[in-house]
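Asks: So I've got this file, my_file08.txt, and it contains compact mmCIF, C-alpha atoms:
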```
# COMPACT_ATOMS: atom_id res chain seq x y z
CA MET A 1 -14.83 -84.63 32.09
CA VAL A 2 -17.40 -81.87 31.59
CA PRO A 3 -20.81 -83.58 31.17
CA VAL A 4 -23.27 -82.42 28.54
CA ASN A 5 -25.87 -82.41 31.32
CA GLU A 6 -25.85 -83.65 34.90
CA LEU A 7 -29.29 -83.61 36.48
CA ILE A 8 -28.16 -84.02 40.08
CA ARG A 9 -26.71 -80.50 39.97
CA GLY A 10 -30.19 -79.04 39.75
CA PHE A 11 -31.35 -81.20 42.65
CA LYS A 12 -28.47 -80.11 44.87
CA LEU A 13 -29.22 -76.41 44.31
CA TYR A 14 -32.49 -76.76 46.25
CA GLN A 15 -32.07 -80.17 47.85
CA GLN A 16 -33.72 -79.35 51.16
CA GLU A 17 -36.82 -77.90 49.47
CA TYR A 18 -37.17 -80.90 47.16
CA GLU A 19 -36.82 -83.35 50.03
CA GLU A 20 -39.36 -81.46 52.12
CA ALA A 21 -41.83 -81.47 49.21
CA ALA A 22 -41.42 -85.20 48.66
CA LEU A 23 -41.89 -85.95 52.35
CA ARG A 24 -44.95 -83.73 52.44
CA VAL A 25 -46.59 -85.89 49.80
CA LEU A 26 -45.51 -89.16 51.35
CA ARG A 27 -46.86 -88.10 54.74
CA SER A 28 -50.13 -86.83 53.30
CA GLY A 29 -51.45 -90.27 52.41
CA TRP A 30 -52.88 -88.93 49.13
CA TYR A 31 -50.84 -89.79 46.03
CA VAL A 32 -52.95 -89.32 42.87
CA LEU A 33 -54.88 -86.19 41.73
CA GLY A 34 -54.80 -84.30 44.97
CA HIS A 35 -53.96 -80.80 46.18
CA GLU A 36 -50.38 -80.87 44.87
CA VAL A 37 -51.51 -81.33 41.27
CA GLU A 38 -54.23 -78.71 41.66
CA ASP A 39 -51.81 -76.21 43.19
CA PHE A 40 -49.13 -76.87 40.58
CA GLU A 41 -51.65 -76.37 37.78
CA LYS A 42 -52.65 -73.00 39.21
CA GLU A 43 -49.10 -71.87 39.97
CA PHE A 44 -47.65 -72.89 36.62
CA ALA A 45 -50.50 -71.25 34.70
CA ALA A 46 -50.12 -68.06 36.75
CA SER A 47 -46.35 -68.01 36.17
CA LEU A 48 -46.81 -67.72 32.40
CA GLY A 49 -48.01 -64.14 32.73
CA GLU A 50 -51.55 -64.16 31.30
CA GLU A 51 -54.80 -65.73 32.43
CA CYS A 52 -54.84 -69.36 31.34
CA TYR A 53 -55.61 -72.82 32.68
CA CYS A 54 -53.53 -75.96 33.09
CA ALA A 55 -54.16 -79.70 33.16
CA GLY A 56 -51.30 -81.81 34.48
CA VAL A 57 -50.78 -85.08 32.62
CA ALA A 58 -48.36 -87.98 32.64
CA ASN A 59 -45.84 -86.70 30.06
CA GLY A 60 -45.34 -84.39 27.11
CA LEU A 61 -46.54 -86.87 24.47
CA ASP A 62 -49.77 -87.38 26.40
CA ALA A 63 -50.16 -83.61 26.58
CA ILE A 64 -50.03 -83.35 22.78
CA MET A 65 -52.44 -86.22 22.18
CA LEU A 66 -54.95 -85.24 24.86
CA GLY A 67 -54.81 -81.55 23.97
CA LEU A 68 -55.42 -82.19 20.27
CA MET A 69 -58.20 -84.66 21.02
CA ALA A 70 -59.87 -82.20 23.38
CA ALA A 71 -59.68 -79.58 20.62
CA GLY A 72 -61.41 -81.90 18.15
CA ILE A 73 -58.47 -82.94 15.99
CA GLY A 74 -59.02 -86.47 14.70
CA ALA A 75 -59.15 -88.98 11.87
CA GLY A 76 -58.80 -87.52 8.40
CA ASP A 77 -57.28 -84.24 9.60
CA GLU A 78 -53.83 -82.97 8.70
CA VAL A 79 -51.65 -81.00 11.10
CA ILE A 80 -48.61 -79.06 9.86
CA VAL A 81 -45.46 -79.68 11.92
CA GLN A 82 -41.79 -78.87 11.43
CA ALA A 83 -39.55 -81.46 9.85
CA ASN A 84 -36.70 -80.97 12.33
CA GLY A 85 -38.84 -81.42 15.44
CA TYR A 86 -38.79 -84.40 17.78
CA ILE A 87 -40.86 -87.45 16.83
CA ALA A 88 -43.06 -87.13 19.94
CA THR A 89 -44.80 -84.18 18.28
CA MET A 90 -45.72 -86.30 15.27
CA LEU A 91 -46.72 -89.28 17.41
CA GLY A 92 -49.14 -87.07 19.34
CA VAL A 93 -50.78 -86.05 16.08
CA MET A 94 -50.93 -89.62 14.81
CA GLN A 95 -52.36 -90.98 18.05
CA CYS A 96 -55.35 -88.70 17.49
CA GLY A 97 -55.88 -90.35 14.12
CA ALA A 98 -54.60 -87.31 12.23
CA ASP A 99 -51.60 -87.06 9.90
CA PRO A 100 -48.54 -84.83 10.35
CA VAL A 101 -47.47 -82.77 7.32
CA PHE A 102 -43.85 -81.62 7.40
CA VAL A 103 -42.45 -78.14 6.72
CA GLU A 104 -38.80 -77.07 6.82
CA PRO A 105 -37.26 -74.81 9.53
CA ASP A 106 -35.92 -71.28 9.25
CA ALA A 107 -32.48 -69.92 10.19
CA TYR A 108 -33.41 -70.03 13.89
CA TYR A 109 -34.31 -73.77 13.70
CA GLN A 110 -38.03 -72.91 14.08
CA LEU A 111 -40.95 -73.56 11.73
CA ASP A 112 -40.58 -71.40 8.62
CA ALA A 113 -43.84 -69.49 8.21
CA ASP A 114 -43.03 -68.72 4.58
CA LYS A 115 -43.23 -72.42 3.73
CA ILE A 116 -46.52 -73.27 5.44
CA GLU A 117 -49.01 -72.30 2.75
CA ALA A 118 -47.43 -74.61 0.17
CA ALA A 119 -48.20 -77.53 2.52
CA ILE A 120 -51.88 -76.69 3.09
CA THR A 121 -54.49 -79.05 1.63
CA PRO A 122 -58.28 -79.30 2.05
CA LYS A 123 -57.59 -81.68 4.96
CA THR A 124 -55.35 -79.24 6.86
CA LYS A 125 -56.93 -78.26 10.17
CA ALA A 126 -54.09 -76.84 12.23
CA VAL A 127 -50.47 -75.78 12.59
CA LEU A 128 -48.50 -77.22 15.50
CA VAL A 129 -45.30 -75.24 16.09
CA THR A 130 -42.46 -76.65 18.17
CA HIS A 131 -40.36 -73.98 19.85
CA LEU A 132 -36.99 -75.71 19.67
CA TYR A 133 -33.91 -75.49 21.92
CA GLY A 134 -35.30 -72.74 24.19
CA GLN A 135 -36.25 -70.09 21.62
CA ALA A 136 -39.71 -69.05 20.52
CA THR A 137 -40.92 -69.36 16.96
CA ARG A 138 -41.56 -66.02 15.21
CA MET A 139 -45.25 -66.08 16.02
CA ASP A 140 -46.58 -63.01 14.17
CA ALA A 141 -46.00 -64.65 10.81
CA ILE A 142 -47.43 -67.98 12.00
CA LEU A 143 -50.55 -66.29 13.39
CA ASP A 144 -51.03 -64.43 10.12
CA VAL A 145 -50.85 -67.64 8.06
CA CYS A 146 -53.32 -69.39 10.37
CA LYS A 147 -55.75 -66.49 10.29
CA ARG A 148 -55.69 -66.13 6.49
CA ASN A 149 -56.22 -69.85 6.00
CA GLY A 150 -58.69 -70.56 8.77
CA LEU A 151 -56.32 -72.89 10.63
CA ARG A 152 -56.13 -73.58 14.34
CA LEU A 153 -52.82 -73.03 16.10
CA PHE A 154 -51.20 -75.26 18.71
CA GLU A 155 -47.80 -75.02 20.42
CA ASP A 156 -45.37 -77.72 21.47
CA CYS A 157 -43.52 -76.02 24.32
CA ALA A 158 -41.57 -79.04 25.55
CA GLN A 159 -38.31 -77.11 25.06
CA SER A 160 -39.47 -73.53 25.59
CA HIS A 161 -40.66 -72.99 29.16
CA TYR A 162 -40.76 -69.21 29.76
CA ALA A 163 -39.26 -68.39 26.35
CA PRO A 164 -40.92 -65.12 25.25
CA TYR A 165 -41.71 -63.74 21.82
CA LYS A 166 -42.16 -59.96 21.98
CA GLY A 167 -42.51 -60.27 25.75
CA LYS A 168 -45.24 -62.95 25.64
CA ASN A 169 -44.35 -66.44 26.78
CA THR A 170 -44.67 -69.43 24.50
CA GLY A 171 -47.78 -71.38 25.35
CA LEU A 172 -50.01 -68.30 25.24
CA PHE A 173 -50.44 -67.91 21.47
CA GLY A 174 -52.42 -70.95 20.36
CA ASP A 175 -55.70 -72.70 21.07
CA ALA A 176 -53.74 -75.00 23.36
CA SER A 177 -50.09 -75.64 24.15
CA PHE A 178 -48.27 -78.71 25.33
CA PHE A 179 -45.46 -78.92 27.89
CA SER A 180 -43.10 -81.68 28.94
CA PHE A 181 -41.64 -81.75 32.44
CA TYR A 182 -39.15 -84.51 31.65
CA PRO A 183 -36.09 -84.21 33.94
CA THR A 184 -33.82 -82.66 31.27
CA LYS A 185 -36.22 -79.79 30.53
CA ASN A 186 -35.62 -76.30 31.89
CA LEU A 187 -38.71 -76.88 34.05
CA GLY A 188 -38.13 -80.57 34.63
CA GLY A 189 -39.27 -82.88 37.39
CA PHE A 190 -37.78 -86.09 38.74
CA GLY A 191 -39.64 -88.47 36.46
CA ASP A 192 -42.19 -88.13 33.70
CA GLY A 193 -44.69 -85.29 33.64
CA GLY A 194 -46.50 -83.00 31.23
CA GLY A 195 -49.16 -80.33 31.00
CA VAL A 196 -51.70 -78.74 28.68
CA ILE A 197 -52.21 -74.97 28.80
CA SER A 198 -55.15 -73.11 27.27
CA LYS A 199 -57.09 -69.91 27.74
CA ASP A 200 -60.23 -71.98 27.13
CA PRO A 201 -61.39 -73.51 30.44
CA GLU A 202 -63.73 -75.90 28.62
CA LEU A 203 -60.85 -77.39 26.65
CA ILE A 204 -58.85 -77.90 29.84
CA SER A 205 -61.88 -79.51 31.46
CA ARG A 206 -62.06 -81.98 28.57
CA VAL A 207 -58.35 -82.79 28.97
CA LYS A 208 -58.89 -83.45 32.68
CA THR A 209 -61.76 -85.78 31.82
CA LEU A 210 -59.74 -87.65 29.18
CA ARG A 211 -56.66 -88.03 31.41
CA ASN A 212 -58.67 -89.83 34.11
CA TYR A 213 -60.52 -92.67 32.35
CA GLY A 214 -62.93 -90.24 30.71
CA SER A 215 -64.58 -89.47 34.04
CA ASP A 216 -65.94 -86.08 34.99
CA ARG A 217 -66.53 -87.32 38.52
CA ARG A 218 -65.85 -90.53 40.39
CA TYR A 219 -67.22 -93.64 38.68
CA HIS A 220 -68.99 -91.57 36.01
CA ASN A 221 -67.31 -91.99 32.64
CA ILE A 222 -68.53 -89.73 29.85
CA ALA A 223 -65.73 -90.35 27.33
CA ILE A 224 -63.40 -93.11 26.15
CA GLY A 225 -60.53 -91.87 28.24
CA PHE A 226 -57.04 -92.82 29.36
CA ASN A 227 -54.91 -93.16 32.46
CA MET A 228 -52.55 -90.20 31.87
CA ARG A 229 -52.40 -88.29 35.14
CA LEU A 230 -49.60 -86.21 36.65
CA ASP A 231 -48.42 -87.77 39.91
CA GLU A 232 -48.78 -85.88 43.16
CA ILE A 233 -45.10 -86.25 44.03
CA GLN A 234 -43.97 -84.87 40.64
CA ALA A 235 -46.37 -81.94 41.02
CA ALA A 236 -44.96 -81.16 44.47
CA LEU A 237 -41.38 -81.21 43.16
CA LEU A 238 -42.30 -79.08 40.16
CA ARG A 239 -43.88 -76.52 42.48
CA VAL A 240 -40.43 -76.06 44.05
CA LYS A 241 -38.76 -75.62 40.70
CA VAL A 242 -41.34 -73.12 39.38
CA ARG A 243 -40.38 -70.80 42.25
CA HIS A 244 -36.71 -70.93 41.25
CA MET A 245 -37.06 -70.63 37.47
CA PRO A 246 -35.79 -67.01 37.28
CA GLU A 247 -32.52 -68.05 38.91
CA LEU A 248 -32.22 -71.25 36.86
CA LEU A 249 -32.83 -69.41 33.59
CA ALA A 250 -30.26 -66.79 34.60
CA ASN A 251 -27.74 -69.57 35.20
CA ARG A 252 -28.31 -70.92 31.68
CA ASP A 253 -28.11 -67.49 30.14
CA HIS A 254 -24.80 -66.86 31.88
CA ILE A 255 -23.36 -70.07 30.40
CA ALA A 256 -24.70 -69.22 26.94
CA GLN A 257 -23.41 -65.65 26.99
CA ARG A 258 -19.95 -66.90 27.93
CA TYR A 259 -20.05 -69.34 25.01
CA LEU A 260 -21.23 -66.65 22.60
CA ALA A 261 -18.53 -64.23 23.71
CA GLY A 262 -15.74 -66.76 24.04
CA ILE A 263 -16.08 -69.12 21.08
CA ARG A 264 -14.16 -67.62 18.19
CA ASN A 265 -13.54 -70.64 15.97
CA PRO A 266 -14.48 -69.86 12.34
CA LYS A 267 -15.14 -73.58 11.85
CA VAL A 268 -18.02 -73.41 14.34
CA GLU A 269 -21.36 -71.74 13.60
CA LEU A 270 -23.00 -70.29 16.71
CA PRO A 271 -26.78 -70.19 17.25
CA LEU A 272 -28.82 -67.13 16.26
CA THR A 273 -31.38 -65.43 18.46
CA ASP A 274 -34.19 -63.51 16.78
CA LYS A 275 -34.41 -59.87 17.89
CA ASP A 276 -37.98 -60.41 19.14
CA CYS A 277 -37.06 -63.43 21.27
CA LYS A 278 -35.23 -64.08 24.51
CA HIS A 279 -33.48 -67.44 24.33
CA THR A 280 -33.80 -69.67 27.40
CA TRP A 281 -31.10 -72.13 26.28
CA TYR A 282 -32.68 -75.52 26.77
CA GLN A 283 -29.80 -76.58 24.54
CA PHE A 284 -26.85 -74.71 23.09
CA ILE A 285 -26.70 -75.85 19.46
CA ILE A 286 -23.72 -75.26 17.19
CA ARG A 287 -23.01 -76.41 13.63
CA VAL A 288 -19.74 -78.01 12.52
CA ASP A 289 -18.39 -79.59 9.36
CA ASP A 290 -17.94 -83.09 10.77
CA GLN A 291 -20.02 -84.15 13.78
CA ASP A 292 -18.10 -87.30 14.59
CA LYS A 293 -14.66 -85.73 14.27
CA PHE A 294 -15.68 -82.68 16.34
CA ARG A 295 -17.28 -84.73 19.11
CA LYS A 296 -14.29 -87.08 19.33
CA PHE A 297 -11.94 -84.08 19.49
CA LEU A 298 -13.91 -82.45 22.30
CA GLU A 299 -14.08 -85.69 24.26
CA GLU A 300 -10.29 -85.90 24.06
CA LYS A 301 -10.30 -82.39 25.54
CA GLY A 302 -12.50 -83.60 28.41
CA VAL A 303 -15.83 -82.26 27.11
CA LYS A 304 -18.92 -84.37 26.44
CA THR A 305 -21.31 -83.34 23.65
CA ASP A 306 -24.55 -84.69 22.20
CA ILE A 307 -26.69 -84.60 19.06
CA SER A 308 -30.34 -83.68 19.49
CA TRP A 309 -31.29 -86.38 16.98
CA LYS A 310 -29.24 -87.78 14.17
CA VAL A 311 -32.19 -89.10 12.15
CA PRO A 312 -35.09 -86.77 11.24
CA PRO A 313 -38.46 -87.98 12.49
CA TYR A 314 -39.88 -88.57 9.01
CA LEU A 315 -36.99 -90.97 8.28
CA GLN A 316 -37.63 -93.12 11.35
CA PRO A 317 -38.74 -96.62 10.31
CA CYS A 318 -42.30 -96.22 11.58
CA MET A 319 -42.78 -93.02 9.57
CA VAL A 320 -41.16 -94.39 6.43
CA GLU A 321 -43.39 -97.46 6.60
CA LYS A 322 -46.57 -95.39 6.99
CA TYR A 323 -45.86 -92.40 4.73
CA GLY A 324 -43.00 -93.44 2.46
CA TYR A 325 -40.66 -90.52 3.15
CA LYS A 326 -37.09 -90.77 1.87
CA ARG A 327 -33.82 -88.93 2.30
CA GLY A 328 -33.83 -85.76 0.22
CA ASP A 329 -37.47 -84.87 0.95
CA PHE A 330 -36.46 -82.12 3.40
CA PRO A 331 -32.84 -81.16 2.69
CA ILE A 332 -32.61 -78.28 5.18
CA THR A 333 -33.60 -80.56 8.04
CA GLU A 334 -31.22 -83.28 6.88
CA GLU A 335 -28.35 -80.81 6.66
CA LEU A 336 -29.05 -79.73 10.23
CA CYS A 337 -29.18 -83.29 11.52
CA ASP A 338 -25.85 -83.98 9.83
CA HIS A 339 -24.05 -80.99 11.34
CA ILE A 340 -25.56 -79.81 14.66
CA VAL A 341 -23.90 -80.58 18.00
CA THR A 342 -25.08 -79.82 21.53
CA LEU A 343 -22.54 -78.29 23.90
CA PRO A 344 -22.77 -78.76 27.69
CA MET A 345 -25.74 -76.86 29.14
CA MET A 346 -27.36 -77.49 32.50
CA ASP A 347 -28.76 -75.85 35.63
CA PHE A 348 -25.29 -74.97 36.91
CA MET A 349 -21.71 -75.07 35.64
CA GLU A 350 -18.46 -74.03 37.28
CA GLU A 351 -16.60 -71.20 35.55
CA GLU A 352 -13.66 -73.54 34.99
CA GLU A 353 -15.94 -75.97 33.17
CA ILE A 354 -17.23 -73.22 30.89
CA ASP A 355 -13.62 -72.21 30.19
CA GLN A 356 -12.77 -75.81 29.33
CA VAL A 357 -15.64 -76.02 26.81
CA ILE A 358 -14.67 -72.73 25.15
CA GLU A 359 -11.00 -73.65 24.96
CA GLY A 360 -11.82 -77.05 23.49
CA VAL A 361 -14.13 -75.63 20.83
CA ASN A 362 -11.62 -72.94 19.87
CA ALA A 363 -8.85 -75.52 19.53
CA TYR A 364 -10.79 -77.62 17.00
CA GLU A 365 -9.45 -77.70 13.45
CA SER A 366 -11.42 -79.41 10.68
```
Could you take the file, read its structure, and then write that structure out as structure tokens?

Replies:
Amino acid sequence: MVPVNELIRGFKLYQQEYEEAALRVLRSGWYVLGHEVEDFEKEFAASLGEECYCAGVANGLDAIMLGLMAAGIGAGDEVIVQANGYIATMLGVMQCGADPVFVEPDAYYQLDADKIEAAITPKTKAVLVTHLYGQATRMDAILDVCKRNGLRLFEDCAQSHYAPYKGKNTGLFGDASFFSFYPTKNLGGFGDGGGVISKDPELISRVKTLRNYGSDRRYHNIAIGFNMRLDEIQAALLRVKVRHMPELLANRDHIAQRYLAGIRNPKVELPLTDKDCKHTWYQFIIRVDDQDKFRKFLEEKGVKTDISWKVPPYLQPCMVEKYGYKRGDFPITEELCDHIVTLPMMDFMEEEEIDQVIEGVNAYES
């Protein structure tokens, strides 16, 4: 059976380096907010290609909440998000006391800039784009909308590590950007982890204060803070993976290019890549007529698949209870959730496995 993802493959590619990094931390005797976190923050920021600063935090949701709080987003504010994003983005907004306002996606599954202005109200303070599935949002149009309307711009980069738009990596366009290092991510650790990136060192300093009980130095608490720190051992393991990202991204691109060239089933809609973007293939998303029938067929062919999320975030019970959304409010998003399927994509696949996926998809008949 070809898995949709198998995390141990990534570990085995650089097993000795990962084990050495873990032992280094264990033998150091220092396990929270030490040199590994500091070095990872510097190395990850430097790897993005422009001068910026990083604060390592406990996970991607914490990154969103802490980054928005540090930027001054709070109660009574509205933040525009995309309706087909993951609920963590909206939860980060809500945990600041602000309200998410939903906008439909474009043909590339990213926030549709042409639909933003219709959602702006006097309470709107910012746009928070989520670069989904490994492709950047078309940022020129988003930047133009924000500039014309006096809105701040933030980026959820949980799925877009090193995904460039016009040669510039996601995470470098907004006031702050938010990364997840969850194990499934292209830059994933071996547990929870996250980070905030900004070109504003003062904002990053505020995030570092908030993540550590609101303290700017030991036993001196200047803010109502949280315990949301990146662990030393995760930072050490991520430092290994940062060094190997070019090879890991090339592996994913090879798999994707084989899918794009080999899948010829007219019943299957392949993903689009904008001409100004380079896709990094966090997930390979296709669209089919019948999700359940297609997935059952592929499993019979020995291929596992997944669905990013079957229920849009605004239709989750907690969101319906708070805001009263209903099915039909965002039909483009709902159509996507009803028809998208994730094909196997991971740090490494055997050629025979890729062949098996392609053959299975091409054999499907609706």

Asks: Hey, could you make a per-residue contact list for segment 199-317 of chain A against segment 103-113 of chain A with 8 Å as the cut-off, showing the nearest pair of atoms and its distance in Å to one decimal, counting all atoms listed in the file, sorted by chain and number, as a tab-separated table?

Replies:
```
residue	atom	partner	partner_atom	distance
A:Pro271	CA	A:Tyr108	CA	7.4
A:Leu272	CA	A:Tyr108	CA	5.9
A:Thr273	CA	A:Tyr108	CA	6.8
A:Asp274	CA	A:Tyr108	CA	7.2
```

Asks: Please report the interatomic distance between atom CA of Glu78 of chain A and atom CA of Lys125 of chain A in Å with one decimal.

Replies: 5.8 Å

Asks: What is the distance, in Å and to one decimal place, between atom CA of Phe44 of chain A and atom CA of Leu343 of chain A?

Replies: 28.7 Å

Asks: Would you kindly return, as a tab-separated table (two decimals) with C-alpha atoms, keeping the file's coordinate frame, each protein, DNA or RNA residue with an atom no farther than 10 Å from any atom of Asp329 of chain A, considering all atoms listed in the file and excluding same-chain residues fewer than 3 positions away?

Replies:
```tsv
chain	number	residue	atom	x	y	z
A	83	ALA	CA	-39.55	-81.46	9.85
A	102	PHE	CA	-43.85	-81.62	7.40
A	104	GLU	CA	-38.80	-77.07	6.82
A	314	TYR	CA	-39.88	-88.57	9.01
A	315	LEU	CA	-36.99	-90.97	8.28
A	325	TYR	CA	-40.66	-90.52	3.15
A	326	LYS	CA	-37.09	-90.77	1.87
A	332	ILE	CA	-32.61	-78.28	5.18
A	333	THR	CA	-33.60	-80.56	8.04
A	334	GLU	CA	-31.22	-83.28	6.88
```

Asks: Pick out the closest residue to Gly214 of chain A from this set: A:Val2, A:Leu151, A:Ala70, A:Val32. Count only C-alpha atoms.

Replies: A:Ala70

Asks: Report, in Å with one decimal, the straight-line distance from atom CA of Asn5 of chain A to atom CA of Ala55 of chain A.

Replies: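 Straight-line distance from atom CA of Asn5 of chain A to atom CA of Ala55 of chain A works out to 28.5 Å.
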
Asks: Taking 5 positions as the minimum chain separation for residues in the same chain, which residues sit within 12 Å of Cys318 of chain A when counting all atoms listed in the file? Answer as a list in words.

Replies: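 Contacts, with the query itself left out: Ile87, Met90, Leu91, Met94, Pro312, Pro313, Tyr323, Gly324 and Tyr325 of chain A.
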
Asks: Taking all atoms listed in the file into account, which of A:Pro331, A:Gly262, A:Gly188, A:Gly74 comes nearest Met346 of chain A?

Replies: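 Among the listed residues, A:Gly188 lies closest to Met346 of chain A.
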
Asks: For Phe226 of chain A, which residue among A:Gly97, A:Leu260, A:Glu269, A:Lys208 is the nearest when counting only C-alpha atoms?

Replies: A:Lys208

Asks: Pick the closest to Ala88 of chain A from A:Thr124, A:Asn265, A:Gln316, A:Asn149: which is it, counting all atoms listed in the file?

Replies: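 Checking each candidate against Ala88 of chain A, we get A:Gln316 as the closest.
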
Asks: Counting only C-alpha atoms, which residues sit no farther than 12 Å from the position (-25.2, -66.7, 30.3) in the file's frame? I'd like them as a compact mmCIF listing (two decimals) with C-alpha atoms, in the coordinates of the input.

Replies:
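After the write, result.txt holds the following:
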```
# COMPACT_ATOMS: atom_id res chain seq x y z
CA GLU A 247 -32.52 -68.05 38.91
CA LEU A 248 -32.22 -71.25 36.86
CA LEU A 249 -32.83 -69.41 33.59
CA ALA A 250 -30.26 -66.79 34.60
CA ASN A 251 -27.74 -69.57 35.20
CA ARG A 252 -28.31 -70.92 31.68
CA ASP A 253 -28.11 -67.49 30.14
CA HIS A 254 -24.80 -66.86 31.88
CA ILE A 255 -23.36 -70.07 30.40
CA ALA A 256 -24.70 -69.22 26.94
CA GLN A 257 -23.41 -65.65 26.99
CA ARG A 258 -19.95 -66.90 27.93
CA TYR A 259 -20.05 -69.34 25.01
CA LEU A 260 -21.23 -66.65 22.60
CA ALA A 261 -18.53 -64.23 23.71
CA GLY A 262 -15.74 -66.76 24.04
CA LYS A 278 -35.23 -64.08 24.51
CA HIS A 279 -33.48 -67.44 24.33
CA THR A 280 -33.80 -69.67 27.40
CA TRP A 281 -31.10 -72.13 26.28
CA PHE A 284 -26.85 -74.71 23.09
CA MET A 345 -25.74 -76.86 29.14
CA MET A 346 -27.36 -77.49 32.50
CA ASP A 347 -28.76 -75.85 35.63
CA PHE A 348 -25.29 -74.97 36.91
CA MET A 349 -21.71 -75.07 35.64
CA GLU A 351 -16.60 -71.20 35.55
CA ILE A 354 -17.23 -73.22 30.89
```

Asks: Enumerate, as an mmCIF file with C-alpha atoms, in the coordinates of the input, the protein, DNA and RNA residues whose atoms approach (-16.7, -73.6, 11.8) to within 10 Å, taking into account all atoms listed in the file and the coordinate frame of the file.

Replies:
```
data_model
loop_
_atom_site.group_PDB
_atom_site.id
_atom_site.type_symbol
_atom_site.label_atom_id
_atom_site.label_comp_id
_atom_site.auth_asym_id
_atom_site.auth_seq_id
_atom_site.Cartn_x
_atom_site.Cartn_y
_atom_site.Cartn_z
ATOM 1 C CA ARG A 264 -14.160 -67.620 18.190
ATOM 2 C CA ASN A 265 -13.540 -70.640 15.970
ATOM 3 C CA PRO A 266 -14.480 -69.860 12.340
ATOM 4 C CA LYS A 267 -15.140 -73.580 11.850
ATOM 5 C CA VAL A 268 -18.020 -73.410 14.340
ATOM 6 C CA GLU A 269 -21.360 -71.740 13.600
ATOM 7 C CA LEU A 270 -23.000 -70.290 16.710
ATOM 8 C CA ILE A 286 -23.720 -75.260 17.190
ATOM 9 C CA ARG A 287 -23.010 -76.410 13.630
ATOM 10 C CA VAL A 288 -19.740 -78.010 12.520
ATOM 11 C CA ASP A 289 -18.390 -79.590 9.360
ATOM 12 C CA ASP A 290 -17.940 -83.090 10.770
ATOM 13 C CA VAL A 361 -14.130 -75.630 20.830
ATOM 14 C CA ASN A 362 -11.620 -72.940 19.870
ATOM 15 C CA TYR A 364 -10.790 -77.620 17.000
ATOM 16 C CA GLU A 365 -9.450 -77.700 13.450
ATOM 17 C CA SER A 366 -11.420 -79.410 10.680
#
```

Asks: Centre and edge lengths of an axis-aligned box around all listed atoms of segment 149-155 of chain A, with 5 Å added on each side, are to be given in Å to one decimal, as JSON.

Replies:
```
{"center_x": -53.2, "center_y": -72.6, "center_z": 13.2, "size_x": 20.9, "size_y": 15.4, "size_z": 24.4}
```

Asks: Counting only C-alpha atoms, which of A:Lys199, A:Ile222, A:Asn84, A:Ala63 gets nearest to Ser308 of chain A?

Replies: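 Answer, going by the shortest atom-to-atom distance: A:Asn84.
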
Asks: Skip segment 178-185 of chain A itself and residues of its chain fewer than 4 positions away, then list as an MDAnalysis selection string all residues within 6 Å of it, counting only C-alpha atoms.

Replies: chainID A and resid 59:60 63:64 156:158 189:190 192:196

Asks: Go ahead and write the residues just picked, C-alpha atoms, as a compact mmCIF listing (two decimals), keeping the file's coordinate frame.

Replies:
```txt
# COMPACT_ATOMS: atom_id res chain seq x y z
CA ASN A 59 -45.84 -86.70 30.06
CA GLY A 60 -45.34 -84.39 27.11
CA ALA A 63 -50.16 -83.61 26.58
CA ILE A 64 -50.03 -83.35 22.78
CA ASP A 156 -45.37 -77.72 21.47
CA CYS A 157 -43.52 -76.02 24.32
CA ALA A 158 -41.57 -79.04 25.55
CA GLY A 189 -39.27 -82.88 37.39
CA PHE A 190 -37.78 -86.09 38.74
CA ASP A 192 -42.19 -88.13 33.70
CA GLY A 193 -44.69 -85.29 33.64
CA GLY A 194 -46.50 -83.00 31.23
CA GLY A 195 -49.16 -80.33 31.00
CA VAL A 196 -51.70 -78.74 28.68
```

Asks: In terms of the shortest atom-to-atom distance over all atoms listed in the file, which of A:Gly49, A:Gly225, A:Pro122, A:Gly85 is closest to Gly150 of chain A?

Replies: A:Pro122

Asks: Got a sec: who's within 10 Å of Ile142 of chain A, counting only C-alpha atoms, leaving out chain neighbours fewer than 3 positions off, as an MDAnalysis selection string?

Replies: chainID A and resid 111:114 116 127:129 137:139 145:147 153 173

Asks: Write out as a list in words which residues come within 12 Å of Lys296 of chain A when counting all atoms listed in the file, dropping same-chain ones fewer than 4 positions away.

Replies: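 Counting all atoms listed in the file, the residues come to Asp290, Gln291, Asp292, Glu300, Lys301, Gly302, Val303, Lys304, Thr305, Asp306, Val341, Gly360, Val361, Tyr364 and Ser366 of chain A.
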